[in-house]
Amino acid sequence: MQAHAQEPERIVKAMSDYLASAKAVTLTYDSDIEVITPELQKIQFASSGQIILSRPNKLRATRVGGYADVELTFDGSKLTVFGKNIDALAQVDAPGSIDQLVHRLRDELSIAVPGATFLLSRSYDELMMDVLDVKYIGRGVVDGVECEHLAFRNQDTDWQLWVEVGSKPIPRKYVITSKAVAAAPQYTLRIKEFRTDVDLAADVFAIKAPASTKKVAITDLSAIDEVPHGIIPGGKK
């Protein structure tokens, strides 16, 4: 039965509870991020990756794009970030939970993990913070999967969410539109394979970097973002 217009919050809460209940998760994703050039041309950069988590305090995330190849691991005590494309590795003490790590990555280290909000134990609270308007749009299909299509607004962004219909309310697509930026660029995340029936090897949360890899401070780890720094397609800087 199709959801009613007043139920988007219920759908998001069910999704949040389902994700939080999974003790171990593996997923693959595609992401697209748009930038606006000084000539007001919209350029999109694409990446793909994988996320593996074991609650409450272990995480592995990879992202491969045209300009960066990055691997991040967290074992409950240390955070390690390996920029394969620059053969550089940074490590920092980070005792705590996945929730604490996600907030630290965002607020202190400016390191983005695609879909990090969905990894939180209470993703509903984070997603609905400062929301000014909610709408149930209808049904949609993402990668062949039927989903509930929801739309939300806050002061600076509009965002949309497609949640799989049925007993596994997985977020299949997530789009953020930046209203405060000219031409309203978007960030799109598509979650593809999603599994909770996984047995994780003991060493899956350890990075195996070559001995020759240079060690740097995490604040000096550059050229690992989804968008290349300082270069605008067409040869201009």
# chains A, B, ... in the order shown; residues from 1 in each chain; ligands from 1
call {"tool": "residues_around", "arguments": {"residues": "A:Gln100", "least_positions_apart": "6", "cutoff": "10 Å", "atoms": "only C-alpha atoms", "output": "PyMOL selection string"}}
result
chain A and resi 57+94+120
call {"tool": "write_last_selection", "arguments": {"atoms": "C-alpha atoms", "output": "CSV table (one decimal), in the first residue's frame"}}
result
chain,number,residue,atom,x,y,z
A,57,ASN,CA,33.5,1.0,16.5
A,94,ALA,CA,40.6,8.4,17.6
A,120,LEU,CA,25.1,7.0,12.6
call {"tool": "closest_atom_pairs", "arguments": {"of": "stretch 69-169 of chain A", "to": "stretch 199-221 of chain A", "cutoff": "9 Å", "atoms": "only C-alpha atoms", "output": "CSV"}}
result
residue,atom,partner,partner_atom,distance
A:Glu71,CA,A:Ile207,CA,7.7
A:Leu72,CA,A:Ile207,CA,7.8
A:Thr73,CA,A:Phe205,CA,5.5
A:Phe74,CA,A:Phe205,CA,6.4
A:Asp75,CA,A:Phe205,CA,6.1
A:Thr80,CA,A:Ile207,CA,7.5
A:Val81,CA,A:Ile218,CA,7.8
A:Phe82,CA,A:Ala209,CA,7.6
A:Gly83,CA,A:Leu221,CA,7.7
A:Lys84,CA,A:Ala209,CA,8.4
A:Ile86,CA,A:Thr213,CA,8.9
A:Asp87,CA,A:Thr213,CA,5.2
A:Ala88,CA,A:Lys214,CA,4.9
A:Leu89,CA,A:Lys215,CA,5.0
A:Ala90,CA,A:Ile218,CA,4.9
A:Gln91,CA,A:Ile218,CA,6.5
A:Val92,CA,A:Ile218,CA,7.2
A:Leu109,CA,A:Thr219,CA,7.3
call {"tool": "select_by_dssp", "arguments": {"residues": "stretch 37-210 of chain A", "states": "strand (DSSP E)", "output": "number ranges by chain"}}
result
A: 42-54, 58-65, 69-74, 78-83, 88-93, 133-142, 145-153, 157-164, 171-178, 186-195
call {"tool": "select_by_dssp", "arguments": {"residues": "stretch 20-227 of chain A", "states": "helix (DSSP H, G or I)", "output": "ChimeraX atom specification"}}
result
/A:20-21,98-109,116-119,123-128,218-220
call {"tool": "write_last_selection", "arguments": {"atoms": "C-alpha atoms", "output": "PDB file, in the first residue's frame"}}
result
ATOM      1  CA  ALA A  20      21.045   1.139  13.269  1.00  0.00           C
ATOM      2  CA  SER A  21      19.903  -2.423  13.973  1.00  0.00           C
ATOM      3  CA  ILE A  98      31.529   5.198  14.715  1.00  0.00           C
ATOM      4  CA  ASP A  99      29.212   8.069  15.689  1.00  0.00           C
ATOM      5  CA  GLN A 100      32.086   9.955  17.324  1.00  0.00           C
ATOM      6  CA  LEU A 101      34.311   9.287  14.319  1.00  0.00           C
ATOM      7  CA  VAL A 102      31.742  10.569  11.805  1.00  0.00           C
ATOM      8  CA  HIS A 103      31.339  13.831  13.709  1.00  0.00           C
ATOM      9  CA  ARG A 104      35.092  14.263  14.082  1.00  0.00           C
ATOM     10  CA  LEU A 105      35.724  13.619  10.383  1.00  0.00           C
ATOM     11  CA  ARG A 106      33.172  16.254   9.448  1.00  0.00           C
ATOM     12  CA  ASP A 107      33.713  18.892  12.131  1.00  0.00           C
ATOM     13  CA  GLU A 108      37.456  18.707  12.812  1.00  0.00           C
ATOM     14  CA  LEU A 109      39.205  16.997   9.909  1.00  0.00           C
ATOM     15  CA  ALA A 116      28.282   9.154   6.521  1.00  0.00           C
ATOM     16  CA  THR A 117      24.989  10.358   8.028  1.00  0.00           C
ATOM     17  CA  PHE A 118      23.421   6.961   7.330  1.00  0.00           C
ATOM     18  CA  LEU A 119      26.144   5.276   9.397  1.00  0.00           C
ATOM     19  CA  SER A 123      20.570   9.013  11.580  1.00  0.00           C
ATOM     20  CA  TYR A 124      16.942  10.178  11.829  1.00  0.00           C
ATOM     21  CA  ASP A 125      17.899  12.936  14.294  1.00  0.00           C
ATOM     22  CA  GLU A 126      20.751  14.126  12.078  1.00  0.00           C
ATOM     23  CA  LEU A 127      18.714  14.077   8.879  1.00  0.00           C
ATOM     24  CA  MET A 128      15.695  15.852  10.330  1.00  0.00           C
ATOM     25  CA  ILE A 218      46.474  14.113   8.656  1.00  0.00           C
ATOM     26  CA  THR A 219      46.190  17.883   8.150  1.00  0.00           C
ATOM     27  CA  ASP A 220      48.779  17.621   5.353  1.00  0.00           C
TER      28      ASP A 220
END
call {"tool": "atom_distance", "arguments": {"atom1": "atom CA of A:Asp133", "atom2": "atom CA of A:Lys42"}}
result
27.0 Å
call {"tool": "closest_residue", "arguments": {"among": "A:Pro228, A:Gly140, A:Gly166, A:Pro185", "to": "A:Ile11", "atoms": "only C-alpha atoms"}}
result
A:Gly166
call {"tool": "atom_distance", "arguments": {"atom1": "atom CA of A:Gln160", "atom2": "atom CA of A:Arg63"}}
result
22.5 Å
call {"tool": "closest_residue", "arguments": {"among": "A:Val35, A:Val70, A:Leu53, A:Val12", "to": "A:Val181", "atoms": "only C-alpha atoms"}}
result
A:Val35
call {"tool": "residues_around", "arguments": {"residues": "A:Arg190", "least_positions_apart": "4", "cutoff": "12 Å", "atoms": "only C-alpha atoms", "output": "PyMOL selection string"}}
result
chain A and resi 27-33+46-50+114-115+141-143+145+160-164+170-176+194
call {"tool": "residues_around", "arguments": {"residues": "A:Lys168", "least_positions_apart": "3", "cutoff": "8 Å", "atoms": "only C-alpha atoms", "output": "PyMOL selection string"}}
result
chain A and resi 15+18+164-165
call {"tool": "residues_around", "arguments": {"residues": "A:Gln155", "least_positions_apart": "4", "cutoff": "12 Å", "atoms": "only C-alpha atoms", "output": "ChimeraX atom specification"}}
result
/A:129-133,159,177-180
call {"tool": "write_last_selection", "arguments": {"atoms": "C-alpha atoms", "output": "tab-separated table (two decimals), in the first residue's frame"}}
result
chain	number	residue	atom	x	y	z
A	129	MET	CA	17.66	18.55	12.13
A	130	ASP	CA	16.61	22.04	10.91
A	131	VAL	CA	14.13	20.61	8.36
A	132	LEU	CA	11.52	23.24	7.47
A	133	ASP	CA	9.32	21.32	5.03
A	159	TRP	CA	17.36	17.19	-0.27
A	177	THR	CA	20.84	20.58	-3.72
A	178	SER	CA	22.80	23.59	-2.46
A	179	LYS	CA	20.42	26.53	-2.75
A	180	ALA	CA	22.92	29.03	-1.36
call {"tool": "atom_distance", "arguments": {"atom1": "atom CA of A:Ala24", "atom2": "atom CA of A:Ile51"}}
result
10.6 Å
call {"tool": "closest_residue", "arguments": {"among": "A:Pro95, A:Pro56, A:Gly66, A:Gly138", "to": "A:Ala223", "atoms": "only C-alpha atoms"}}
result
A:Gly66
call {"tool": "residues_around", "arguments": {"residues": "A:Tyr67", "least_positions_apart": "4", "cutoff": "9 Å", "atoms": "only C-alpha atoms", "output": "NGL selection string"}}
result
:A and (85 or 223-228)
